[in-house]
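Before any comments, here is the structure.
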Amino acid sequence: MAEFEPVLLANVGKDNSHTLKAYEAVGGYRALRETLKDKSPDDLITTVRASNLRGRGGAGFPTGLKWSFLPDDHPGPVYLCVNADESEPGTFCNRVLLEEDPHQVLEGTILSSFATRASTAYVYLRYEYPKSLARLQAAIDECYGAGYLGKNVLGTDFSLDVYVHRGAAAYVCGEETGLIESLEGKRAWPRIKPPFPAVEGLFRKPTVVNNVETMACVKHIVDRGPEWFKSIGTPADPHNPRDPGSYGPKLYQVSGHVNRPGVYEAPLGLPCRELVDRFAGGVWKGRKVKAVVPGGLSTGLLAADQLDTPLDFDGPVQAGCLGLGTAGAIVLDETYPIIDFLYNSCRFFAHESCGQCTPCREGTHWALSMVERIKAGRGRLKDLELLGEIGDSIGIIPGTTICGLADGAAWPIKTALAKFRDELEDYVKQTNPAGYADIQPAIAMPAMTTH
Amino acid sequence: MATITVDGIEIEIRTGERLNAIEAAARAGVEIPHYCWHPGLSVVGSCRMCLVEIGTRDPSGKVSMGPKLMPACNTLVRDGTVIVTQSEKVQHARALVEEGLLLRHPVDCPICDKAGECRLQDYYFEYGQAEGRRADIRPFTSRRRDLGDVTFFTDRCILCTRCVRFTREISGTSELMVRDRGAHEEIDIVEGFPLNNKLSGNVVDLCPVGALGDKDFLYKQRVWFMRRHQGVCTGCATGCSIWVEENQDRVHRIKPRENPEVNRWWICNDGRYGYPHVHDPDRLVGAVHRDAGRTVPLDFTGLAARLRDGLQASGGTLGAVLSPFLTVEEAYLLATAIRQLDSGAVLAIGPVPVVGEDERFPGGFTIAAEKCPNRLGVEKVLAHFTGGVTSFDQFVAKVGEGALTGAWVSGGYRDPWIEERTAEKFARLKTLVVQDLFPSPLSKRATFELGGAAFPERDGSYVNRQHRLQSVGWAIRPPAGTRTEGSILWELCGREGLYNASVVLQELARKIPAFGAAVGDFSDIGIDLRLNQLA
Amino acid sequence: MVANQDWMSTTEPILSDDLLDAIRVYFPKYPTRRAVVLPALHTVQERLGYVPAQAVVEIAELLELHPSEVQDTLSFYGFFKQDKPLGKVRIWVCRSISCSARGGEDLLEYLCEKLGIRPGETTEDGLFSLEFAECLGACDFAPAMLAGSELIGDLTREKIDAFVDRVRGDT
């Protein structure tokens with residue numbers, strides 16, 4: 001394969017890459033100008049559908065298909081929400097895009113708004129990205145000044161306002177209906193579906209929620225055409241007519257115990273090993289890999305012998321993980337105890353569970369209680385069994401919760417138990433030699449009190 | 001028609017009928033357990049207790065089941081929907097929800113008011129798992145917090161949010177909220193803004209567990225000691241359907257009785273807590289005859305004859321006041337009895353209490369300004385006998401002019417209803433019969449002073465402001481020595497045996513066209529009397 | 001809206017006209033007043049350092065909501081302080097897996113000891129408020145902390161010392 005030329009990160013690292021001037025100098029807003037000249041919203045939807053672009057936020061839902069669920073005859077308004085609540089541990093590519101090349105994201109947002117007939121777009125930006133806020137707001141202001149935003153964009157009938165809405169440190173706002181509720185000024189409890197946002201979303205109007213990186217991809221698809229996009233990545237399985245494939249460039253993030261953590265762009269399907277060894281410069285301190293989280297904490301663990309897994313939408317699934325997720329790989333070296341991973345993960349999801357659905361609210365909390373107790377040397381083999389049951393039973397995949405947060409809580413537990421059971425059992429036995437075989441209910445550790 | 005299959009049972013529903021899987025299953029006699037869903041509130045689908053398997057049956061009869069569990073509350077059924085509620089998968093999910101809800105629950109059933117009617121308890125026996133695996137047991141806590149109109153037992157709450165949604169969607173007052181996030185969440189109020197609205201008591205009924213406590217009922221009765229009876233609230237002209245819950249002739253609780261045509265699932269606090277007068281020690285009880293300064297207690301035996309004789313002896317020009325607190329049957333019997341004694345007797349309606357204006361709530365509930373249950377029913381009876389309605393003021397004027405020699409005045413008011421000034425005008429009557437709930441300036445002047453029945457003691461029907469007639473039976477017996485209006489009037493009319501309200505209703509329904517719709521049987525939610533007139 | 005009139009009338013407003021205007025700026029951006037809850041909370045916390053109970057009541061009044069609706073939202077996020085104002089610098093130390101695996105939690109503990117406070121608390125001198133973050137989205141700089149709007153990556157004890165000294169020196 002010829003050396004891949006970065007597309008999404010093409011401008012990153014250049015001087016003033018975040019400014020309109022620099023962006024226009026490399027062909028920025030050309031796609032928008034061309035589109036507004038003679039294309040219709042439907043043309044754009046057709047283009048994006050043809051590209052098989054799948055959402056970059058985690059679930060990988062085909063973007064064009066999502067747009068096509070919008071009702072044709074709705075009097076409006078229609079809303080576009082750009083999901084910049086990037087909060088999945090191990091994920092930071094949206095931050096890099098928004099800080100270094102916000103116009104790329106904005107151009108995609110304007111194009112997507114045009115396609116979906118949205119007249120207002122809200123960028124839901126997590127609070128912890130102050131630099132992104134500054135850069136993005138400055139870029140929006142530049143766009144209003146240049147006629148890319150506001151009333152009659154570039155002199156056409158198309159008008160668009162883009163507003164930045166700041167979050168307040170809640171992971172669940174990244175779930176699209178949690179985001180919508182939060183934007184409406186409520187607690188971010190995800191909504192039960194149906195109705196889906198395309199039918200009844202923000203302010204009860206048809207709404208599309210798309211990820212930042214997805215927006216950037218839209219820009220390039222419109223600019224270079226769907227065929228270009230489909231020339232990159234892992235083709236669809238010809239034997240599975242429902243497989244949309246894994247096309248296009250992807251921003252891979254790698255962090256944890258590696259020499260060069262960072263964000264790297266590669267065609268979808270990059271083998272995990274290549275990400276770790278070639279891009280990230282291998283495991284730090286000359287150590288070996290114990291496990292890799294392939295795509296953000298939610299996706300679970302790949303064991304050291306699974307590093308040839310291609311990081312496309314299907315690869316991690318085949319390797320027993322939740323999915324590609326956000327393609328934020330977290331590398332854990334051979335010295336890192338899996339119980340610590342389990343503890344960190346359970347603590348995160350218990351803290352971030354929105355508390356609405358019983359299985360998630362109680363399951364994540366219970367799982368954390370057990371892991372805390374195990375770490376305190378009072379674990380029992382029975383606890384591993386119970387953890388496994390929680391892992392198998394909570395989430396939208398089994399159908400027991402409204403949103404996918406619980407799936408994210410479940411897979412780290414499931415994969416840790418499936419792939420590192422011996423280590424966990426040894427830990428329990430060694431730390432609690434007298435009581436590891438107990439099956440009677442145990443007394444809890446003091447409850448976690450900080451919020 | 002649409003055909004739905006629930007655990008192999010086929011049921012048909014009307015085309016266009018919007019039912020979720022819980023409602024459809026109930027039609028097939030299958031209970032799908034649920035906490036957060038309530039037919040009167042928005043669907044949030046968060047408790048996850050109603051998870052079932054959903055599939056579809058295609059026209060060829062082939063059934064394909066969905067891959068995952070679905071919340072029945074948010075699944076609208078349509079033709080071909082297949083609901084499976086008893087599979088191993090469903091049972092496992094229910095057991096896990098039940099286990100989850102009990103993880104941090106104090107299980108303080110022995111001191112919890114809800115025990116005996118608690119869904120958490122009921123469902124545990126029905127759907128919980130036998131194995132006690134409550135690892136990570138915490139020290140027992142049972143925190144209690146005052147939310148204003150109700151008391152909140154924090155640790156018993158399962159976060160179904162029904163109460164919060166009620167204040168936002170039905171009462172429109174929004175006092176309740178969820179506080180914090182995840183396992184730290186609790187129902188709460190903002191300090192200084194307590195739960196304080198006229199519908200607040202409903203949140204206690206809505207609470208599927210023992211988290212919300214009714215201050216009026218707290219620790220008064222174990223629910224299984226009480227019997228409940230169908231009733232109609234007599235507090236205003238809305239005429240809400242209620243349950244009267246009593247133990248040994250003492251009312252302990254009033255609850256709403258679902259009636260889609262009247263009050264849906266709700267009642268107001270005035271009605272809910274408006275029963276203490278029933279057990280007021282100052283109630284007028286028994287019967288006395290006042291004659292030349294002597295007050296003689298009267299026996300039940302021959303009471304009607306004494307009253308009849310007394311009225312006739314007055315000179316025979318009679319009148320009667322039919323209180324809007326009387327049931328339709330009582331009003332009819334009173335009018336009949338007086339007209340038997342004097343075919344030209346003056347018949348009038350008692351004072352109709354009106355307080356302020358109607359209060360409407362966003363969820364559609366209305367508290368009527370008219371604070372009596374049966375003005376329309378009494379007016380319809382009066383119209384039959386007199387062709388019109390004579391007001392109480394007109395009646396008083398006639399009495400004051402000396403146009404009458406004897407009168408029967410029915411009361412039944414909860415609050416003082418007649419002033420000394422008005423009562424004085426009755427002085428010219430030779431015979432005055434007053435049957436009332438409380439002593440009044442008028443009852444003190446009565447020749448015959450009779451204690452009357454409170455609403456849970458009455459048998460009969462009321463016609464609410466929407467012309468809906470509802471019939472109820474008595475829930476408790478009247479105080480010792482007191483006979484109900486119905487029973488005295490029945491005897492006064494010369495009828496044999498015991499007072500039977502349904503016999504009276506059928507009689508008047510056949511005789512009076514305005515009551516024609518009430519002929520024969522009708523359901524517990526009552527009947528719209530205008531139906532007949534439209535037909 | 002049911003407001004407790006007695007309580008309202010005896011209390012001086014805490015939100016100045018200027019601050020209310022700063023919130024009103026958001027009105028045209030949303031079709032409902034309720035959507036302005038988060039911007040309003042941010043604005044108040046930025047200006048006052050916290051969102052005391054009375055501010056909640058006043059925000060509710062401005063946005064035509066019941067105070068419980070504002071408080072419900074506020075409390076969900078765990079981001080807004082209500083008891084007392086935040087310190088001059090609010091520090092978030094990341095404890096998510098990428099940072100934790102590279103020593104983030106030890107550094108959080110170090111900072112706790114150095115400042116003499118626990119996460120969620122503010123130092124006596126009012127300079128520092130300390131929080132843990134679930135993930136700062138700065139895993140490429142793990143371990144990381146966000147101090148005000150300054151991201152400090154590849155965090156070490158030395159960097160923490162230098163930072164704390166700098167803030168103390170500025171005052």
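By order of appearance in the structure tokens: chains A, B, ..., then residues from 1 within every chain, and ligands from 1 in the order shown.
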Practice prompt. Would you please give, as an NGL selection string, all residues of segment 18-133 of chain A that DSSP assigns to helix (DSSP H, G or I) based on the backbone?
Written response: :A and (20-25 or 30-38 or 41-51 or 63-68 or 93-100 or 102-116 or 130-133)
Discussion item. Taking the DSSP secondary structure from the backbone, can you list the residues of segment 22-257 of chain A that are strand (DSSP E), as a ChimeraX atom specification?
Written reply: /A:78-84,118-125,161-166,207-211,233-234,246-247,249-256
I need the residues from that last selection saved to file as a compact mmCIF listing (two decimals), in the first residue's frame (with N, CA, C and O atoms), if you can.
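The resulting file, result_10.txt, is reproduced below:
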# COMPACT_ATOMS: atom_id res chain seq x y z
N VAL A 78 -35.44 22.31 11.55
CA VAL A 78 -34.66 21.08 11.75
C VAL A 78 -33.36 21.53 12.43
O VAL A 78 -32.87 22.63 12.14
N TYR A 79 -32.87 20.70 13.35
CA TYR A 79 -31.64 21.07 14.04
C TYR A 79 -30.52 20.07 13.76
O TYR A 79 -30.77 18.87 13.63
N LEU A 80 -29.33 20.62 13.68
CA LEU A 80 -28.14 19.77 13.63
C LEU A 80 -27.36 20.00 14.92
O LEU A 80 -27.16 21.15 15.32
N CYS A 81 -27.01 18.91 15.57
CA CYS A 81 -26.16 19.04 16.75
C CYS A 81 -24.82 18.39 16.43
O CYS A 81 -24.78 17.25 15.97
N VAL A 82 -23.78 19.13 16.66
CA VAL A 82 -22.45 18.54 16.48
C VAL A 82 -21.98 18.10 17.86
O VAL A 82 -21.90 18.89 18.80
N ASN A 83 -21.72 16.82 17.93
CA ASN A 83 -21.35 16.24 19.22
C ASN A 83 -19.86 16.43 19.46
O ASN A 83 -19.03 15.71 18.91
N ALA A 84 -19.55 17.42 20.28
CA ALA A 84 -18.15 17.67 20.65
C ALA A 84 -18.02 17.46 22.16
O ALA A 84 -17.30 18.18 22.84
N ALA A 118 -31.13 22.05 8.01
CA ALA A 118 -31.11 22.63 9.36
C ALA A 118 -30.81 24.13 9.25
O ALA A 118 -29.98 24.54 8.45
N SER A 119 -31.50 24.91 10.05
CA SER A 119 -31.26 26.34 10.03
C SER A 119 -30.46 26.79 11.26
O SER A 119 -30.01 27.91 11.35
N THR A 120 -30.35 25.88 12.22
CA THR A 120 -29.53 26.16 13.39
C THR A 120 -28.71 24.91 13.70
O THR A 120 -29.23 23.81 13.68
N ALA A 121 -27.44 25.12 13.96
CA ALA A 121 -26.60 24.02 14.41
C ALA A 121 -26.00 24.39 15.76
O ALA A 121 -25.56 25.52 15.96
N TYR A 122 -26.07 23.45 16.69
CA TYR A 122 -25.45 23.66 17.99
C TYR A 122 -24.24 22.74 18.10
O TYR A 122 -24.34 21.55 17.80
N VAL A 123 -23.13 23.30 18.49
CA VAL A 123 -21.97 22.46 18.76
C VAL A 123 -21.95 22.25 20.27
O VAL A 123 -21.76 23.20 21.04
N TYR A 124 -22.22 21.03 20.69
CA TYR A 124 -22.21 20.73 22.12
C TYR A 124 -20.78 20.39 22.50
O TYR A 124 -20.27 19.30 22.21
N LEU A 125 -20.13 21.34 23.15
CA LEU A 125 -18.69 21.21 23.43
C LEU A 125 -18.47 20.93 24.90
O LEU A 125 -18.99 21.65 25.77
N ASP A 161 -27.30 29.50 11.45
CA ASP A 161 -26.61 29.98 12.64
C ASP A 161 -25.94 28.81 13.33
O ASP A 161 -26.52 27.73 13.42
N VAL A 162 -24.74 29.03 13.80
CA VAL A 162 -24.05 28.00 14.57
C VAL A 162 -23.74 28.55 15.95
O VAL A 162 -23.18 29.65 16.07
N TYR A 163 -24.16 27.84 16.97
CA TYR A 163 -23.91 28.27 18.34
C TYR A 163 -23.14 27.19 19.09
O TYR A 163 -23.38 25.99 18.89
N VAL A 164 -22.25 27.63 19.94
CA VAL A 164 -21.53 26.68 20.78
C VAL A 164 -22.27 26.58 22.12
O VAL A 164 -22.61 27.60 22.73
N HIS A 165 -22.55 25.38 22.54
CA HIS A 165 -23.22 25.15 23.83
C HIS A 165 -22.26 24.36 24.70
O HIS A 165 -21.84 23.26 24.32
N ARG A 166 -21.90 24.93 25.83
CA ARG A 166 -20.90 24.25 26.67
C ARG A 166 -21.54 23.25 27.62
O ARG A 166 -22.55 23.53 28.26
N THR A 207 -34.06 16.22 14.29
CA THR A 207 -32.71 16.57 14.69
C THR A 207 -31.72 15.49 14.26
O THR A 207 -32.03 14.31 14.32
N VAL A 208 -30.58 15.96 13.82
CA VAL A 208 -29.48 15.04 13.54
C VAL A 208 -28.34 15.37 14.50
O VAL A 208 -28.03 16.55 14.70
N VAL A 209 -27.77 14.34 15.09
CA VAL A 209 -26.61 14.54 15.96
C VAL A 209 -25.43 13.83 15.30
O VAL A 209 -25.51 12.62 15.06
N ASN A 210 -24.39 14.58 15.00
CA ASN A 210 -23.21 13.98 14.37
C ASN A 210 -21.94 14.39 15.11
O ASN A 210 -21.87 15.48 15.67
N ASN A 211 -20.97 13.51 15.05
CA ASN A 211 -19.70 13.73 15.72
C ASN A 211 -18.81 14.73 14.95
O ASN A 211 -18.97 14.91 13.74
N GLY A 233 -9.63 2.37 3.18
CA GLY A 233 -10.23 1.59 4.26
C GLY A 233 -10.54 0.15 3.91
O GLY A 233 -10.03 -0.40 2.94
N THR A 234 -11.40 -0.47 4.73
CA THR A 234 -11.73 -1.88 4.57
C THR A 234 -13.04 -2.00 3.81
O THR A 234 -14.06 -1.47 4.26
N SER A 246 -15.94 -0.32 6.10
CA SER A 246 -15.26 0.66 6.96
C SER A 246 -14.39 1.52 6.07
O SER A 246 -13.21 1.25 5.88
N TYR A 247 -15.00 2.54 5.50
CA TYR A 247 -14.28 3.34 4.52
C TYR A 247 -13.78 4.65 5.11
O TYR A 247 -14.34 5.17 6.08
N PRO A 249 -10.59 7.73 5.89
CA PRO A 249 -9.51 7.91 6.85
C PRO A 249 -10.07 7.95 8.26
O PRO A 249 -11.24 8.25 8.46
N LYS A 250 -9.26 7.61 9.21
CA LYS A 250 -9.71 7.62 10.60
C LYS A 250 -8.61 8.22 11.47
O LYS A 250 -7.42 7.97 11.25
N LEU A 251 -9.06 8.98 12.45
CA LEU A 251 -8.11 9.49 13.43
C LEU A 251 -7.98 8.47 14.55
O LEU A 251 -8.92 8.22 15.29
N TYR A 252 -6.80 7.87 14.62
CA TYR A 252 -6.52 6.92 15.69
C TYR A 252 -5.79 7.64 16.81
O TYR A 252 -4.88 8.42 16.56
N GLN A 253 -6.22 7.36 18.00
CA GLN A 253 -5.56 7.96 19.15
C GLN A 253 -4.91 6.84 19.93
O GLN A 253 -5.46 5.74 20.02
N VAL A 254 -3.78 7.10 20.45
CA VAL A 254 -3.12 6.07 21.24
C VAL A 254 -2.52 6.74 22.49
O VAL A 254 -1.93 7.80 22.43
N SER A 255 -2.77 6.09 23.60
CA SER A 255 -2.28 6.63 24.87
C SER A 255 -1.97 5.48 25.81
O SER A 255 -2.09 4.32 25.45
N GLY A 256 -1.57 5.81 27.00
CA GLY A 256 -1.19 4.76 27.96
C GLY A 256 0.30 4.53 27.89
O GLY A 256 1.09 5.46 27.69
Show me a table, sorted first by chain and then by increasing residue number, of the residues of chain A having an atom at most 9 Å from chain B, each with its shortest atom pair and the distance in Å to one decimal, counting only C-alpha atoms and written as JSON lines.
{"residue": "A:Arg187", "atom": "CA", "partner": "B:Val178", "partner_atom": "CA", "distance": 8.8}
{"residue": "A:Arg191", "atom": "CA", "partner": "B:Val44", "partner_atom": "CA", "distance": 7.1}
{"residue": "A:Ile192", "atom": "CA", "partner": "B:Val44", "partner_atom": "CA", "distance": 6.2}
{"residue": "A:Lys193", "atom": "CA", "partner": "B:Asn74", "partner_atom": "CA", "distance": 8.0}
{"residue": "A:Pro194", "atom": "CA", "partner": "B:Asn74", "partner_atom": "CA", "distance": 7.7}
{"residue": "A:Ala350", "atom": "CA", "partner": "B:Gly182", "partner_atom": "CA", "distance": 7.0}
{"residue": "A:His351", "atom": "CA", "partner": "B:Gly182", "partner_atom": "CA", "distance": 6.7}
{"residue": "A:Glu352", "atom": "CA", "partner": "B:Gly182", "partner_atom": "CA", "distance": 6.9}
{"residue": "A:Ser353", "atom": "CA", "partner": "B:Gly182", "partner_atom": "CA", "distance": 5.1}
{"residue": "A:Cys354", "atom": "CA", "partner": "B:Gly182", "partner_atom": "CA", "distance": 4.8}
{"residue": "A:Gly355", "atom": "CA", "partner": "B:Gly182", "partner_atom": "CA", "distance": 3.6}
{"residue": "A:Gln356", "atom": "CA", "partner": "B:Ser46", "partner_atom": "CA", "distance": 5.6}
{"residue": "A:Cys357", "atom": "CA", "partner": "B:Ser46", "partner_atom": "CA", "distance": 4.4}
{"residue": "A:Thr358", "atom": "CA", "partner": "B:Cys47", "partner_atom": "CA", "distance": 5.3}
{"residue": "A:Pro359", "atom": "CA", "partner": "B:Val97", "partner_atom": "CA", "distance": 6.0}
{"residue": "A:Cys360", "atom": "CA", "partner": "B:Gly182", "partner_atom": "CA", "distance": 8.6}
{"residue": "A:Arg361", "atom": "CA", "partner": "B:Gly182", "partner_atom": "CA", "distance": 5.5}
{"residue": "A:Glu362", "atom": "CA", "partner": "B:Gly100", "partner_atom": "CA", "distance": 5.3}
{"residue": "A:Gly363", "atom": "CA", "partner": "B:Gly100", "partner_atom": "CA", "distance": 6.7}
{"residue": "A:Thr364", "atom": "CA", "partner": "B:Ala183", "partner_atom": "CA", "distance": 8.7}
{"residue": "A:His365", "atom": "CA", "partner": "B:Ala183", "partner_atom": "CA", "distance": 6.5}
{"residue": "A:Trp366", "atom": "CA", "partner": "B:Asp136", "partner_atom": "CA", "distance": 7.8}
{"residue": "A:Ser369", "atom": "CA", "partner": "B:Asp136", "partner_atom": "CA", "distance": 6.7}
{"residue": "A:Met370", "atom": "CA", "partner": "B:Asp136", "partner_atom": "CA", "distance": 7.0}
{"residue": "A:Arg373", "atom": "CA", "partner": "B:Asp136", "partner_atom": "CA", "distance": 8.3}
{"residue": "A:Asp383", "atom": "CA", "partner": "B:Ala135", "partner_atom": "CA", "distance": 8.3}
{"residue": "A:Leu386", "atom": "CA", "partner": "B:Arg133", "partner_atom": "CA", "distance": 8.9}
{"residue": "A:Ile390", "atom": "CA", "partner": "B:Leu96", "partner_atom": "CA", "distance": 8.9}
{"residue": "A:Ser393", "atom": "CA", "partner": "B:Ala93", "partner_atom": "CA", "distance": 7.7}
{"residue": "A:Ile396", "atom": "CA", "partner": "B:Lys68", "partner_atom": "CA", "distance": 8.2}
{"residue": "A:Ile397", "atom": "CA", "partner": "B:Lys68", "partner_atom": "CA", "distance": 6.8}
{"residue": "A:Pro398", "atom": "CA", "partner": "B:Lys68", "partner_atom": "CA", "distance": 5.3}
{"residue": "A:Gly399", "atom": "CA", "partner": "B:Leu69", "partner_atom": "CA", "distance": 4.6}
{"residue": "A:Thr400", "atom": "CA", "partner": "B:Arg48", "partner_atom": "CA", "distance": 6.3}
{"residue": "A:Thr401", "atom": "CA", "partner": "B:Arg48", "partner_atom": "CA", "distance": 7.0}
{"residue": "A:Ile402", "atom": "CA", "partner": "B:Ser46", "partner_atom": "CA", "distance": 7.0}
{"residue": "A:Ile439", "atom": "CA", "partner": "B:Arg133", "partner_atom": "CA", "distance": 8.4}
{"residue": "A:Gln440", "atom": "CA", "partner": "B:Arg133", "partner_atom": "CA", "distance": 7.5}
{"residue": "A:Pro441", "atom": "CA", "partner": "B:Ala135", "partner_atom": "CA", "distance": 4.2}
{"residue": "A:Ala442", "atom": "CA", "partner": "B:Ala135", "partner_atom": "CA", "distance": 4.9}
{"residue": "A:Ile443", "atom": "CA", "partner": "B:Asp136", "partner_atom": "CA", "distance": 4.8}
{"residue": "A:Ala444", "atom": "CA", "partner": "B:Asp136", "partner_atom": "CA", "distance": 3.8}
{"residue": "A:Met445", "atom": "CA", "partner": "B:Asp136", "partner_atom": "CA", "distance": 7.1}
{"residue": "A:Pro446", "atom": "CA", "partner": "B:Arg138", "partner_atom": "CA", "distance": 8.1}
{"residue": "A:Ala447", "atom": "CA", "partner": "B:Arg138", "partner_atom": "CA", "distance": 8.4}
{"residue": "A:Thr449", "atom": "CA", "partner": "B:His184", "partner_atom": "CA", "distance": 8.6}
{"residue": "A:His451", "atom": "CA", "partner": "B:His184", "partner_atom": "CA", "distance": 8.2}
Worksheet item: Got a sec: who's within 9 Å of Val84 of chain B, counting only C-alpha atoms, leaving out chain neighbours fewer than 3 positions off, as a list in words?
Response: Thr5, Val6, Asp7, Gly8, Val52, Glu53, Ile54, Gly55, Ser87 and Val90 of chain B
Item to complete: Could you tell me which of A:Ala409, A:Ala303, A:Ala138, A:Leu202 comes closest to chain C if we count only C-alpha atoms?
Response: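 Under the stated criterion, the closest residue is A:Leu202.
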Worksheet item: For chain C against chain B, which residues fall within 6 Å using only C-alpha atoms, given as a list in words?
Response: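 Matching residues, ligands excluded from the count: Ser68, Asp72, Ser75 and Phe76 of chain C.
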For segment 279-284 of chain A, please output as a CSV table (one decimal) with C-alpha atoms, in the first residue's frame all residues within 6 Å (counting only C-alpha atoms; exclusion window: fewer than 5 positions along the same chain).
chain,number,residue,atom,x,y,z
A,257,HIS,CA,2.1,2.9,28.2
A,258,VAL,CA,3.5,3.9,24.8
A,259,ASN,CA,6.5,6.0,23.8
A,260,ARG,CA,4.6,8.4,21.6
A,261,PRO,CA,1.1,8.9,22.6
Worksheet item: Within 6 Å of chain A, which residues of chain C show up when using only C-alpha atoms, listed as a list in words?
Response: Arg34, Ala35, Val37, Leu38, Thr73, Phe76, Tyr77, Phe79, Ser98, Cys135, Gly137, Cys139, Asp140 and Ser149 of chain C
Worksheet entry | Interatomic distance, atom CA of Leu284 of chain B to atom CA of Pro439 of chain B (Å, one decimal) |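 Spanning atom CA of Leu284 of chain B to atom CA of Pro439 of chain B is a straight-line distance of 5.7 Å.
Put simply, atom CA of Thr482 of chain B is 5.7 Å away from atom CA of Gly451 of chain B.
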Practice prompt. Tell me which protein, DNA and RNA residues are within 7 Å of Tyr413 of chain B, counting only C-alpha atoms, leaving out same-chain ones fewer than 2 positions away, and put them as a ChimeraX atom specification.
Written response: /B:325,411,415,417,437
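Between Arg56 of chain A and the candidates A:Leu324, A:Val317, A:Leu179, A:Leu301, the tightest atom-to-atom separation, counting only C-alpha atoms, involves A:Leu324.
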